[in-house]
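Undergrad: Please see the structure below; I have some questions.
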Amino acid sequence: MNKTEFISAVAEKAGLSKVDAKKAVEAFVETVSTELKAGGKVALLGFGSFSVSEKAARKGINPKTKQPIDIPARKAVKFKAGAELSDLIK
């Protein structure tokens, strides 16, 4: 499902116009992005939680040249599914 299909599904299930559903989806994405950028966590009961995890710097190998490379530390977005969502997909 891509973003357009997702917006159409939200509009249908919520009884909204596609324009309103698009605004709601974009507001959700912007809100989660802003909170994660600030170092926070977003927890949606029954769905899951979004957080930022720190990935440490490490050594790696370039598969093409087999030369060792340094991979810098970075931050990554992490999603952990909630119990209800996990049970639903089992």
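Starting from 1 in every chain, residues are counted up; chains themselves are A, B, ... following the order of the structure tokens, and ligands are numbered from 1 as listed.
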Show me, as a list in words, the residues that have an atom within 10 Å of A:Glu26 when counting only C-alpha atoms, minus same-chain residues fewer than 5 positions from it.
TA: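 Skipping anything fewer than 5 positions along the chain leaves Lys3, Ile7, Asp20, Ala21, Thr31 and Val32 of chain A.
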Undergrad: Suppose we keep N, CA, C and O atoms; can you now write the selection as a PDB file, in the first residue's frame?
TA:
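Listed below is the output, result.pdb:
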ATOM      1  N   LYS A   3       1.251   5.664  -0.286  1.00  0.00           N
ATOM      2  CA  LYS A   3       0.646   6.779   0.444  1.00  0.00           C
ATOM      3  C   LYS A   3      -0.732   7.139  -0.098  1.00  0.00           C
ATOM      4  O   LYS A   3      -1.672   7.374   0.668  1.00  0.00           O
ATOM      5  N   ILE A   7      -4.179   6.994   2.017  1.00  0.00           N
ATOM      6  CA  ILE A   7      -5.058   8.148   2.198  1.00  0.00           C
ATOM      7  C   ILE A   7      -6.484   7.800   1.779  1.00  0.00           C
ATOM      8  O   ILE A   7      -7.448   8.145   2.471  1.00  0.00           O
ATOM      9  N   ASP A  20      -9.345  15.967   3.244  1.00  0.00           N
ATOM     10  CA  ASP A  20      -9.239  15.978   4.703  1.00  0.00           C
ATOM     11  C   ASP A  20      -8.380  14.815   5.209  1.00  0.00           C
ATOM     12  O   ASP A  20      -7.599  14.976   6.147  1.00  0.00           O
ATOM     13  N   ALA A  21      -8.543  13.651   4.591  1.00  0.00           N
ATOM     14  CA  ALA A  21      -7.748  12.491   4.986  1.00  0.00           C
ATOM     15  C   ALA A  21      -6.266  12.744   4.702  1.00  0.00           C
ATOM     16  O   ALA A  21      -5.406  12.394   5.502  1.00  0.00           O
ATOM     17  N   THR A  31       3.883  15.389  12.794  1.00  0.00           N
ATOM     18  CA  THR A  31       3.927  15.382  14.251  1.00  0.00           C
ATOM     19  C   THR A  31       4.898  14.329  14.770  1.00  0.00           C
ATOM     20  O   THR A  31       5.719  14.609  15.657  1.00  0.00           O
ATOM     21  N   VAL A  32       4.834  13.120  14.219  1.00  0.00           N
ATOM     22  CA  VAL A  32       5.741  12.050  14.635  1.00  0.00           C
ATOM     23  C   VAL A  32       7.182  12.429  14.285  1.00  0.00           C
ATOM     24  O   VAL A  32       8.088  12.277  15.103  1.00  0.00           O
TER      25      VAL A  32
END
Undergrad: Report the residues of stretch 25-73 of chain A whose backbone DSSP state falls under helix (DSSP H, G or I), written as an NGL selection string.
TA: :A and (25-37)
Undergrad: Write a file of the selected residues as a PDB file, in the first residue's frame, keeping N, CA and C atoms.
TA:
ATOM      1  N   VAL A  25      -3.314  12.617   7.482  1.00  0.00           N
ATOM      2  CA  VAL A  25      -2.149  11.743   7.363  1.00  0.00           C
ATOM      3  C   VAL A  25      -0.863  12.567   7.387  1.00  0.00           C
ATOM      4  N   GLU A  26      -0.842  13.667   6.649  1.00  0.00           N
ATOM      5  CA  GLU A  26       0.345  14.516   6.628  1.00  0.00           C
ATOM      6  C   GLU A  26       0.620  15.139   7.993  1.00  0.00           C
ATOM      7  N   ALA A  27      -0.447  15.502   8.720  1.00  0.00           N
ATOM      8  CA  ALA A  27      -0.280  16.053  10.068  1.00  0.00           C
ATOM      9  C   ALA A  27       0.295  14.995  11.009  1.00  0.00           C
ATOM     10  N   PHE A  28      -0.175  13.754  10.873  1.00  0.00           N
ATOM     11  CA  PHE A  28       0.343  12.658  11.686  1.00  0.00           C
ATOM     12  C   PHE A  28       1.835  12.448  11.425  1.00  0.00           C
ATOM     13  N   VAL A  29       2.209  12.375  10.151  1.00  0.00           N
ATOM     14  CA  VAL A  29       3.613  12.154   9.783  1.00  0.00           C
ATOM     15  C   VAL A  29       4.482  13.306  10.280  1.00  0.00           C
ATOM     16  N   GLU A  30       4.009  14.531  10.114  1.00  0.00           N
ATOM     17  CA  GLU A  30       4.777  15.700  10.555  1.00  0.00           C
ATOM     18  C   GLU A  30       4.942  15.722  12.075  1.00  0.00           C
ATOM     19  N   THR A  31       3.883  15.389  12.794  1.00  0.00           N
ATOM     20  CA  THR A  31       3.927  15.382  14.251  1.00  0.00           C
ATOM     21  C   THR A  31       4.898  14.329  14.770  1.00  0.00           C
ATOM     22  N   VAL A  32       4.834  13.120  14.219  1.00  0.00           N
ATOM     23  CA  VAL A  32       5.741  12.050  14.635  1.00  0.00           C
ATOM     24  C   VAL A  32       7.182  12.429  14.285  1.00  0.00           C
ATOM     25  N   SER A  33       7.398  12.965  13.097  1.00  0.00           N
ATOM     26  CA  SER A  33       8.743  13.357  12.663  1.00  0.00           C
ATOM     27  C   SER A  33       9.329  14.423  13.566  1.00  0.00           C
ATOM     28  N   THR A  34       8.523  15.419  13.901  1.00  0.00           N
ATOM     29  CA  THR A  34       8.987  16.512  14.761  1.00  0.00           C
ATOM     30  C   THR A  34       9.358  15.996  16.149  1.00  0.00           C
ATOM     31  N   GLU A  35       8.540  15.127  16.699  1.00  0.00           N
ATOM     32  CA  GLU A  35       8.803  14.580  18.033  1.00  0.00           C
ATOM     33  C   GLU A  35      10.068  13.724  18.041  1.00  0.00           C
ATOM     34  N   LEU A  36      10.254  12.901  17.012  1.00  0.00           N
ATOM     35  CA  LEU A  36      11.445  12.063  16.940  1.00  0.00           C
ATOM     36  C   LEU A  36      12.703  12.900  16.735  1.00  0.00           C
ATOM     37  N   LYS A  37      12.584  13.956  15.932  1.00  0.00           N
ATOM     38  CA  LYS A  37      13.732  14.841  15.702  1.00  0.00           C
ATOM     39  C   LYS A  37      14.158  15.511  17.002  1.00  0.00           C
TER      40      LYS A  37
END
Undergrad: Ranking A:Thr4, A:Ser49, A:Asn62, A:Ser17 by minimum distance to A:Lys80 and counting only C-alpha atoms, which one comes first?
TA: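 Of A:Thr4, A:Ser49, A:Asn62, A:Ser17, the one nearest A:Lys80, counting only C-alpha atoms, is A:Ser49.
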Undergrad: Between atom CA of A:Phe50 and atom CA of A:Ser8, what distance in Å does the model show, to one decimal?
TA: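 Taking atom CA of A:Phe50 as the start and atom CA of A:Ser8 as the end point, the length is 23.7 Å.
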Undergrad: Check the DSSP output for the backbone and give back, as a PDB file with N, CA and C atoms, in the first residue's frame, the residues of chain A in strand (DSSP E or B).
TA:
ATOM      1  N   VAL A  42       6.981   8.497  20.517  1.00  0.00           N
ATOM      2  CA  VAL A  42       5.542   8.556  20.276  1.00  0.00           C
ATOM      3  C   VAL A  42       4.979   7.162  20.506  1.00  0.00           C
ATOM      4  N   ALA A  43       4.092   7.026  21.482  1.00  0.00           N
ATOM      5  CA  ALA A  43       3.479   5.737  21.801  1.00  0.00           C
ATOM      6  C   ALA A  43       1.984   5.812  21.538  1.00  0.00           C
ATOM      7  N   LEU A  44       1.492   4.929  20.677  1.00  0.00           N
ATOM      8  CA  LEU A  44       0.076   4.853  20.357  1.00  0.00           C
ATOM      9  C   LEU A  44      -0.456   3.537  20.913  1.00  0.00           C
ATOM     10  N   GLY A  48       1.535   0.782  18.588  1.00  0.00           N
ATOM     11  CA  GLY A  48       2.976   0.622  18.753  1.00  0.00           C
ATOM     12  C   GLY A  48       3.631   1.923  19.147  1.00  0.00           C
ATOM     13  N   SER A  49       4.952   1.910  19.159  1.00  0.00           N
ATOM     14  CA  SER A  49       5.674   3.121  19.537  1.00  0.00           C
ATOM     15  C   SER A  49       6.834   3.373  18.583  1.00  0.00           C
ATOM     16  N   PHE A  50       7.059   4.646  18.313  1.00  0.00           N
ATOM     17  CA  PHE A  50       8.160   5.111  17.488  1.00  0.00           C
ATOM     18  C   PHE A  50       9.187   5.740  18.421  1.00  0.00           C
ATOM     19  N   SER A  51      10.450   5.434  18.211  1.00  0.00           N
ATOM     20  CA  SER A  51      11.506   6.030  19.017  1.00  0.00           C
ATOM     21  C   SER A  51      12.768   6.156  18.175  1.00  0.00           C
ATOM     22  N   VAL A  52      13.765   6.822  18.742  1.00  0.00           N
ATOM     23  CA  VAL A  52      15.046   6.993  18.069  1.00  0.00           C
ATOM     24  C   VAL A  52      16.072   6.160  18.816  1.00  0.00           C
ATOM     25  N   SER A  53      16.846   5.366  18.089  1.00  0.00           N
ATOM     26  CA  SER A  53      17.901   4.588  18.725  1.00  0.00           C
ATOM     27  C   SER A  53      19.252   5.045  18.187  1.00  0.00           C
ATOM     28  N   GLU A  54      20.248   4.946  19.032  1.00  0.00           N
ATOM     29  CA  GLU A  54      21.609   5.340  18.664  1.00  0.00           C
ATOM     30  C   GLU A  54      22.343   4.118  18.122  1.00  0.00           C
ATOM     31  N   LYS A  55      22.908   4.257  16.952  1.00  0.00           N
ATOM     32  CA  LYS A  55      23.735   3.197  16.368  1.00  0.00           C
ATOM     33  C   LYS A  55      25.192   3.611  16.543  1.00  0.00           C
ATOM     34  N   ARG A  58      31.174   1.758  13.915  1.00  0.00           N
ATOM     35  CA  ARG A  58      31.703   0.399  13.818  1.00  0.00           C
ATOM     36  C   ARG A  58      32.563   0.248  12.576  1.00  0.00           C
ATOM     37  N   LYS A  59      33.257  -0.847  12.519  1.00  0.00           N
ATOM     38  CA  LYS A  59      34.081  -1.182  11.352  1.00  0.00           C
ATOM     39  C   LYS A  59      33.231  -2.031  10.408  1.00  0.00           C
ATOM     40  N   GLY A  60      33.441  -1.847   9.124  1.00  0.00           N
ATOM     41  CA  GLY A  60      32.747  -2.641   8.128  1.00  0.00           C
ATOM     42  C   GLY A  60      33.699  -2.982   7.005  1.00  0.00           C
ATOM     43  N   ILE A  61      33.207  -3.726   6.040  1.00  0.00           N
ATOM     44  CA  ILE A  61      34.015  -4.103   4.886  1.00  0.00           C
ATOM     45  C   ILE A  61      33.246  -3.739   3.626  1.00  0.00           C
ATOM     46  N   PRO A  68      38.586  -2.505   4.488  1.00  0.00           N
ATOM     47  CA  PRO A  68      37.876  -2.109   5.709  1.00  0.00           C
ATOM     48  C   PRO A  68      37.471  -0.627   5.630  1.00  0.00           C
ATOM     49  N   ILE A  69      36.293  -0.333   6.167  1.00  0.00           N
ATOM     50  CA  ILE A  69      35.804   1.047   6.193  1.00  0.00           C
ATOM     51  C   ILE A  69      35.277   1.351   7.587  1.00  0.00           C
ATOM     52  N   ASP A  70      35.254   2.627   7.919  1.00  0.00           N
ATOM     53  CA  ASP A  70      34.675   3.073   9.176  1.00  0.00           C
ATOM     54  C   ASP A  70      33.246   3.526   8.909  1.00  0.00           C
ATOM     55  N   ILE A  71      32.307   2.956   9.646  1.00  0.00           N
ATOM     56  CA  ILE A  71      30.904   3.353   9.541  1.00  0.00           C
ATOM     57  C   ILE A  71      30.626   4.270  10.725  1.00  0.00           C
ATOM     58  N   ARG A  74      25.260   6.914  14.125  1.00  0.00           N
ATOM     59  CA  ARG A  74      24.093   7.586  13.568  1.00  0.00           C
ATOM     60  C   ARG A  74      22.872   7.302  14.436  1.00  0.00           C
ATOM     61  N   LYS A  75      21.829   8.018  14.154  1.00  0.00           N
ATOM     62  CA  LYS A  75      20.552   7.787  14.816  1.00  0.00           C
ATOM     63  C   LYS A  75      19.617   7.114  13.818  1.00  0.00           C
ATOM     64  N   ALA A  76      18.791   6.190  14.315  1.00  0.00           N
ATOM     65  CA  ALA A  76      17.859   5.477  13.443  1.00  0.00           C
ATOM     66  C   ALA A  76      16.478   5.455  14.096  1.00  0.00           C
ATOM     67  N   VAL A  77      15.445   5.491  13.281  1.00  0.00           N
ATOM     68  CA  VAL A  77      14.075   5.414  13.776  1.00  0.00           C
ATOM     69  C   VAL A  77      13.740   3.952  14.028  1.00  0.00           C
ATOM     70  N   LYS A  78      13.107   3.700  15.159  1.00  0.00           N
ATOM     71  CA  LYS A  78      12.745   2.342  15.543  1.00  0.00           C
ATOM     72  C   LYS A  78      11.239   2.302  15.792  1.00  0.00           C
ATOM     73  N   PHE A  79      10.580   1.244  15.315  1.00  0.00           N
ATOM     74  CA  PHE A  79       9.161   1.046  15.584  1.00  0.00           C
ATOM     75  C   PHE A  79       8.999  -0.287  16.279  1.00  0.00           C
ATOM     76  N   LYS A  80       8.280  -0.270  17.399  1.00  0.00           N
ATOM     77  CA  LYS A  80       7.976  -1.503  18.108  1.00  0.00           C
ATOM     78  C   LYS A  80       6.466  -1.669  18.129  1.00  0.00           C
ATOM     79  N   ALA A  81       5.997  -2.753  17.542  1.00  0.00           N
ATOM     80  CA  ALA A  81       4.559  -3.007  17.471  1.00  0.00           C
ATOM     81  C   ALA A  81       3.992  -3.271  18.857  1.00  0.00           C
TER      82      ALA A  81
END
